[in-house]
Amino acid sequence: MSANQEAALQKEYSPQLGQPPGQPNLNLLKTETRTQENPEEDPVLIKIENMSRVYHINRGRKKERFTAIQDFNLEVRQGEFMTIVGPSGCGKSTLLDLLAGLSFPETGHILIGGQEVKGPALDRGFVMQGYALFPWRTISKNVEFGLEIKKTGKAERRRAAQAYLDLVGLTGFENRLPYELSGGMKQRVAIARAFAFEPQVLLMDEPFAAVDAQTRELLQEELLRIWEKTHKTIIFITHSIEEAVFLAQRVAVMTSNPGTIKEIIDIDLPIPRKSGDLKSSPHFNWIVHKVWKSLHNQEDEELRETENPDIENEIDPDTAL
Amino acid sequence: MHITRLKQFYTRSIAIILFFLLWDFSARFGLVDQFILPTVTQVIEAFGRVIGNGTLWGHFSLSMRRTGSGFLVAVVVAIPLGIVMGWFAKAEEYLDPLLQLFRNTSILAMFPVFILAFGLGELSKSAIVFWGCLWAPLINTIAGVKGVDPILIKSARSMGISVLGLFAKVILPACLPEILTGIRLAAGTGVIILVAAEMLGASRGLGYWIFYAQQRYATAEMYAGIVTISLIGVAINFILAKLEKHIVAWKRQMQ
């Protein structure tokens, strides 16, 4: 496909921007006005500069160095939904651990709101693939966990937990224990827990990877809805290009060995987004293809170095459109 | 509902009833010398006698005090120690062989040492019970802490939890099932150890009383003492099992 064709396609299916998002009606949830028309004008909240992360692995007597992340630069704006895709082992999860303050970079800086990350804190919420619910706590008590650490009063905790459980559609499940819930419901609890203590930033590490396809679509839509209501900054890691494109305002493509940002792709899809119509639209698929190609090129390079250079002739990316 | 409960009672008690019937018949019809095995009614009579004149209560309460104190101190020491040892994997690696050595040394073999150290009084009995009760909760707590799902720890840490908070809100509740199992094992061991210790060197207590009854050929009283011991064991196990079921319902349901 020529550059001209691409431009034409993009023009033809380009959505109208500037639709005002539905204002939330939750008395308890803080809502902020969005500058949807010009997201570029939002201030930069997260700034990662020249960061690297090296692991020292003991292999017998020899100590090996493994560079997980190198020359990493990224800026995320306030209220932005950014997804990160990359091949497995590219350091995506390492990046989130660094952002969470669970580990520290070898060189470079991570700044959130101008402050260097010094360790884990409640200004960031972490949602993991494995739910990580405390099995002995009721659903409500699980959601209250961060607020307990924050030393919020009991009544206030109750109220916040209830509001966020309502928001994720789990009204009536407050006193259940995690084992009584399905995978999708558990992940909703984990999301409610991360939102409940009102962090500025949500870090999500493949949160929907373990649920079935249908539940996954539902959770994606709900996450977008919650994001629109709460206007949090979200960094979301995923294996799925489709998921990355559907959720994000910008998709960051990472390369591996060592992990670094290869390309950042703007997603100019309208908000709010609805899974069914959008995912079958040519514009959506055009963007998916663009991200796929960005990922594919790097895999090609790796392939060319190793074996079977013919394989790229067999898989023609353009025929996929 | 009523029928099933009745049926369950039948299933659970028939073997015991048959056992006592067999016992009574063997004694009553001379299959076994009544001197060695008195009839069940004779044992019940003896039971009533020693309860009535307060003999049983005196020995019972003293034995319970000795077991209780040793057991409680053991649990209070074992749980924090187990948590620390389970958390610091390196420390555990160094200490585990020593632990295994202690644990596998017959507890009663240590009794002479405790008599030497603490004399023949109350302290040596409580101390031997403490020693015997220490290992099960300690080893179970260590295993429990080592088995806590790392993702729970990571999740709590990502919210900036303090070290103390992590232990109180994550580690301890997560390994509570293992700890309770350890406590249950320890309670059983405690009674066994005490009875043996009282038989070896004491002038009061249930163990002494059983031994003494045998020496003066009061076999009905001796059996009353033995039955008391087994009732204590069953009662402790019943209470602790109920408690366990209630506290760690989440764990049982998960499996």
# chains A, B, ... in the order shown; residues from 1 in each chain; ligands from 1
call {"tool": "interface_residues", "arguments": {"of": "chain B", "to": "chain A", "cutoff": "12 Å", "atoms": "only C-alpha atoms", "output": "PyMOL selection string"}}
result
chain B and resi 148-166+168-177+246-255
call {"tool": "write_last_selection", "arguments": {"atoms": "C-alpha atoms", "output": "PDB file, in the first residue's frame"}}
result
ATOM      1  CA  VAL B 148       1.911 -17.047  50.504  1.00  0.00           C
ATOM      2  CA  ASP B 149       1.058 -16.153  46.905  1.00  0.00           C
ATOM      3  CA  PRO B 150       3.731 -13.621  45.852  1.00  0.00           C
ATOM      4  CA  ILE B 151       1.194 -11.708  43.785  1.00  0.00           C
ATOM      5  CA  LEU B 152      -0.705 -10.812  46.983  1.00  0.00           C
ATOM      6  CA  ILE B 153       2.475  -9.425  48.490  1.00  0.00           C
ATOM      7  CA  LYS B 154       3.232  -7.510  45.302  1.00  0.00           C
ATOM      8  CA  SER B 155      -0.276  -6.132  45.200  1.00  0.00           C
ATOM      9  CA  ALA B 156      -0.111  -4.920  48.801  1.00  0.00           C
ATOM     10  CA  ARG B 157       3.356  -3.483  48.290  1.00  0.00           C
ATOM     11  CA  SER B 158       2.231  -1.595  45.199  1.00  0.00           C
ATOM     12  CA  MET B 159      -0.155   0.276  47.479  1.00  0.00           C
ATOM     13  CA  GLY B 160       2.751   1.376  49.656  1.00  0.00           C
ATOM     14  CA  ILE B 161       1.908  -0.808  52.659  1.00  0.00           C
ATOM     15  CA  SER B 162       4.282  -0.672  55.645  1.00  0.00           C
ATOM     16  CA  VAL B 163       6.272  -3.744  56.646  1.00  0.00           C
ATOM     17  CA  LEU B 164       4.173  -4.169  59.796  1.00  0.00           C
ATOM     18  CA  GLY B 165       0.991  -3.726  57.761  1.00  0.00           C
ATOM     19  CA  LEU B 166       2.180  -6.333  55.296  1.00  0.00           C
ATOM     20  CA  ALA B 168      -0.632  -8.032  59.825  1.00  0.00           C
ATOM     21  CA  LYS B 169      -2.874  -7.610  56.787  1.00  0.00           C
ATOM     22  CA  VAL B 170      -1.386 -10.060  54.280  1.00  0.00           C
ATOM     23  CA  ILE B 171       1.120 -12.593  55.624  1.00  0.00           C
ATOM     24  CA  LEU B 172      -0.667 -13.528  58.837  1.00  0.00           C
ATOM     25  CA  PRO B 173      -4.175 -13.932  57.396  1.00  0.00           C
ATOM     26  CA  ALA B 174      -2.791 -15.755  54.354  1.00  0.00           C
ATOM     27  CA  CYS B 175      -1.074 -18.416  56.440  1.00  0.00           C
ATOM     28  CA  LEU B 176      -3.708 -18.624  59.167  1.00  0.00           C
ATOM     29  CA  PRO B 177      -4.975 -22.018  57.916  1.00  0.00           C
ATOM     30  CA  HIS B 246     -15.172 -20.886  61.089  1.00  0.00           C
ATOM     31  CA  ILE B 247     -12.040 -18.748  60.729  1.00  0.00           C
ATOM     32  CA  VAL B 248     -10.669 -20.112  57.475  1.00  0.00           C
ATOM     33  CA  ALA B 249     -13.884 -20.804  55.588  1.00  0.00           C
ATOM     34  CA  TRP B 250     -12.376 -19.051  52.552  1.00  0.00           C
ATOM     35  CA  LYS B 251      -9.580 -21.599  52.295  1.00  0.00           C
ATOM     36  CA  ARG B 252     -11.761 -24.667  52.605  1.00  0.00           C
ATOM     37  CA  GLN B 253     -14.144 -23.381  49.963  1.00  0.00           C
ATOM     38  CA  MET B 254     -11.360 -22.526  47.570  1.00  0.00           C
ATOM     39  CA  GLN B 255     -10.114 -26.103  47.329  1.00  0.00           C
TER      40      GLN B 255
END
call {"tool": "residues_around", "arguments": {"residues": "Glu80 of chain A", "least_positions_apart": "4", "cutoff": "9 Å", "atoms": "only C-alpha atoms", "output": "JSON, numbers by chain"}}
result
{"A": [39, 42, 76, 231, 232, 233, 234, 235, 248, 249, 250]}
call {"tool": "residues_around", "arguments": {"residues": "Val253 of chain A", "least_positions_apart": "3", "cutoff": "6 Å", "atoms": "only C-alpha atoms", "output": "ChimeraX atom specification"}}
result
/A:84-86,261-263
call {"tool": "residues_around", "arguments": {"residues": "Thr67 of chain A", "least_positions_apart": "4", "cutoff": "12 Å", "atoms": "only C-alpha atoms", "output": "ChimeraX atom specification"}}
result
/A:51-57,71-72,89-91,94,105-107,256-260
call {"tool": "atom_distance", "arguments": {"atom1": "atom CA of Ala163 of chain A", "atom2": "atom CA of Glu228 of chain A"}}
result
15.9 Å
call {"tool": "residues_around", "arguments": {"residues": "segment 212-225 of chain B", "least_positions_apart": "4", "cutoff": "10 Å", "atoms": "only C-alpha atoms", "output": "JSON, numbers by chain"}}
result
{"B": [34, 35, 36, 37, 38, 39, 40, 41, 42, 43, 44, 45, 46, 47, 48, 49, 50, 56, 59, 60, 199, 203, 204, 206, 207, 208, 229, 230, 231]}
call {"tool": "residues_around", "arguments": {"residues": "segment 265-267 of chain A", "least_positions_apart": "3", "cutoff": "12 Å", "atoms": "only C-alpha atoms", "output": "JSON, numbers by chain"}}
result
{"A": [10, 14, 15, 17, 39, 40, 80, 81, 82, 83, 84, 85, 241, 242, 244, 245, 246, 247, 248, 249, 250, 251, 252, 253, 254, 261, 262, 270, 271, 273, 283, 284, 285, 286, 287, 288, 289, 290, 291, 292, 293, 294, 295]}
call {"tool": "select_by_dssp", "arguments": {"residues": "segment 159-257 of chain A", "states": "alpha helix (DSSP H)", "output": "PyMOL selection string"}}
result
chain A and resi 159-167+183-196+213-230+241-247
call {"tool": "atom_distance", "arguments": {"atom1": "atom CA of Gly190 of chain B", "atom2": "atom CA of Ile239 of chain B"}}
result
15.3 Å
call {"tool": "select_by_dssp", "arguments": {"residues": "segment 36-231 of chain A", "states": "strand (DSSP E or B)", "output": "PyMOL selection string"}}
result
chain A and resi 44-59+62-77+81-85+107-112+115-116+124-127+201-205
call {"tool": "write_last_selection", "arguments": {"atoms": "C-alpha atoms", "output": "PDB file, in the first residue's frame"}}
result
ATOM      1  CA  VAL A  44       2.553  15.997  30.947  1.00  0.00           C
ATOM      2  CA  LEU A  45       2.060  13.904  34.084  1.00  0.00           C
ATOM      3  CA  ILE A  46       4.573  11.104  33.639  1.00  0.00           C
ATOM      4  CA  LYS A  47       7.992  11.680  32.241  1.00  0.00           C
ATOM      5  CA  ILE A  48      10.513   8.896  31.748  1.00  0.00           C
ATOM      6  CA  GLU A  49      13.975  10.040  30.725  1.00  0.00           C
ATOM      7  CA  ASN A  50      16.842   7.901  29.403  1.00  0.00           C
ATOM      8  CA  MET A  51      15.876   5.106  31.698  1.00  0.00           C
ATOM      9  CA  SER A  52      17.568   1.722  31.803  1.00  0.00           C
ATOM     10  CA  ARG A  53      17.047  -1.307  33.984  1.00  0.00           C
ATOM     11  CA  VAL A  54      19.601  -4.080  34.300  1.00  0.00           C
ATOM     12  CA  TYR A  55      19.122  -7.408  36.009  1.00  0.00           C
ATOM     13  CA  HIS A  56      22.032  -9.230  37.566  1.00  0.00           C
ATOM     14  CA  ILE A  57      21.496 -12.939  37.239  1.00  0.00           C
ATOM     15  CA  ASN A  58      23.513 -15.479  39.180  1.00  0.00           C
ATOM     16  CA  ARG A  59      24.321 -18.346  36.930  1.00  0.00           C
ATOM     17  CA  LYS A  62      29.184 -16.381  36.859  1.00  0.00           C
ATOM     18  CA  LYS A  63      27.216 -13.192  37.233  1.00  0.00           C
ATOM     19  CA  GLU A  64      25.346 -12.227  34.108  1.00  0.00           C
ATOM     20  CA  ARG A  65      23.918  -8.851  33.205  1.00  0.00           C
ATOM     21  CA  PHE A  66      20.630  -8.693  31.415  1.00  0.00           C
ATOM     22  CA  THR A  67      19.499  -5.335  30.112  1.00  0.00           C
ATOM     23  CA  ALA A  68      15.707  -5.382  30.241  1.00  0.00           C
ATOM     24  CA  ILE A  69      15.175  -1.723  29.348  1.00  0.00           C
ATOM     25  CA  GLN A  70      17.509   0.773  27.717  1.00  0.00           C
ATOM     26  CA  ASP A  71      17.339   4.345  26.403  1.00  0.00           C
ATOM     27  CA  PHE A  72      13.731   4.514  27.411  1.00  0.00           C
ATOM     28  CA  ASN A  73      11.928   7.822  26.939  1.00  0.00           C
ATOM     29  CA  LEU A  74       8.221   8.379  27.305  1.00  0.00           C
ATOM     30  CA  GLU A  75       5.829  11.153  28.172  1.00  0.00           C
ATOM     31  CA  VAL A  76       2.274  10.505  29.256  1.00  0.00           C
ATOM     32  CA  ARG A  77      -0.196  13.358  29.563  1.00  0.00           C
ATOM     33  CA  PHE A  81      -5.110   6.449  28.153  1.00  0.00           C
ATOM     34  CA  MET A  82      -1.935   4.933  26.794  1.00  0.00           C
ATOM     35  CA  THR A  83      -1.469   1.314  25.867  1.00  0.00           C
ATOM     36  CA  ILE A  84       1.848  -0.403  25.394  1.00  0.00           C
ATOM     37  CA  VAL A  85       2.296  -3.364  23.075  1.00  0.00           C
ATOM     38  CA  THR A 107      20.058   5.064  35.066  1.00  0.00           C
ATOM     39  CA  GLY A 108      17.644   7.823  34.150  1.00  0.00           C
ATOM     40  CA  HIS A 109      14.553   9.119  35.901  1.00  0.00           C
ATOM     41  CA  ILE A 110      10.861   8.516  36.270  1.00  0.00           C
ATOM     42  CA  LEU A 111       8.979  11.679  37.151  1.00  0.00           C
ATOM     43  CA  ILE A 112       5.311  11.746  38.087  1.00  0.00           C
ATOM     44  CA  GLN A 115       8.403  14.259  41.442  1.00  0.00           C
ATOM     45  CA  GLU A 116      10.878  11.422  41.136  1.00  0.00           C
ATOM     46  CA  ARG A 124      -0.537   4.968  41.557  1.00  0.00           C
ATOM     47  CA  GLY A 125      -2.888   1.992  41.387  1.00  0.00           C
ATOM     48  CA  PHE A 126      -1.727  -1.353  40.049  1.00  0.00           C
ATOM     49  CA  VAL A 127      -4.037  -3.888  38.412  1.00  0.00           C
ATOM     50  CA  VAL A 201      -2.291   6.961  37.611  1.00  0.00           C
ATOM     51  CA  LEU A 202      -3.565   3.456  36.894  1.00  0.00           C
ATOM     52  CA  LEU A 203      -0.988   0.874  35.891  1.00  0.00           C
ATOM     53  CA  MET A 204      -2.535  -2.167  34.263  1.00  0.00           C
ATOM     54  CA  ASP A 205      -0.487  -5.240  33.437  1.00  0.00           C
TER      55      ASP A 205
END
call {"tool": "closest_residue", "arguments": {"among": "B:Val113, B:Val129, B:Ala89, B:Leu21", "to": "Lys146 of chain B", "atoms": "only C-alpha atoms"}}
result
B:Ala89
call {"tool": "atom_distance", "arguments": {"atom1": "atom CA of Leu200 of chain B", "atom2": "atom CA of Asp33 of chain B"}}
result
27.5 Å
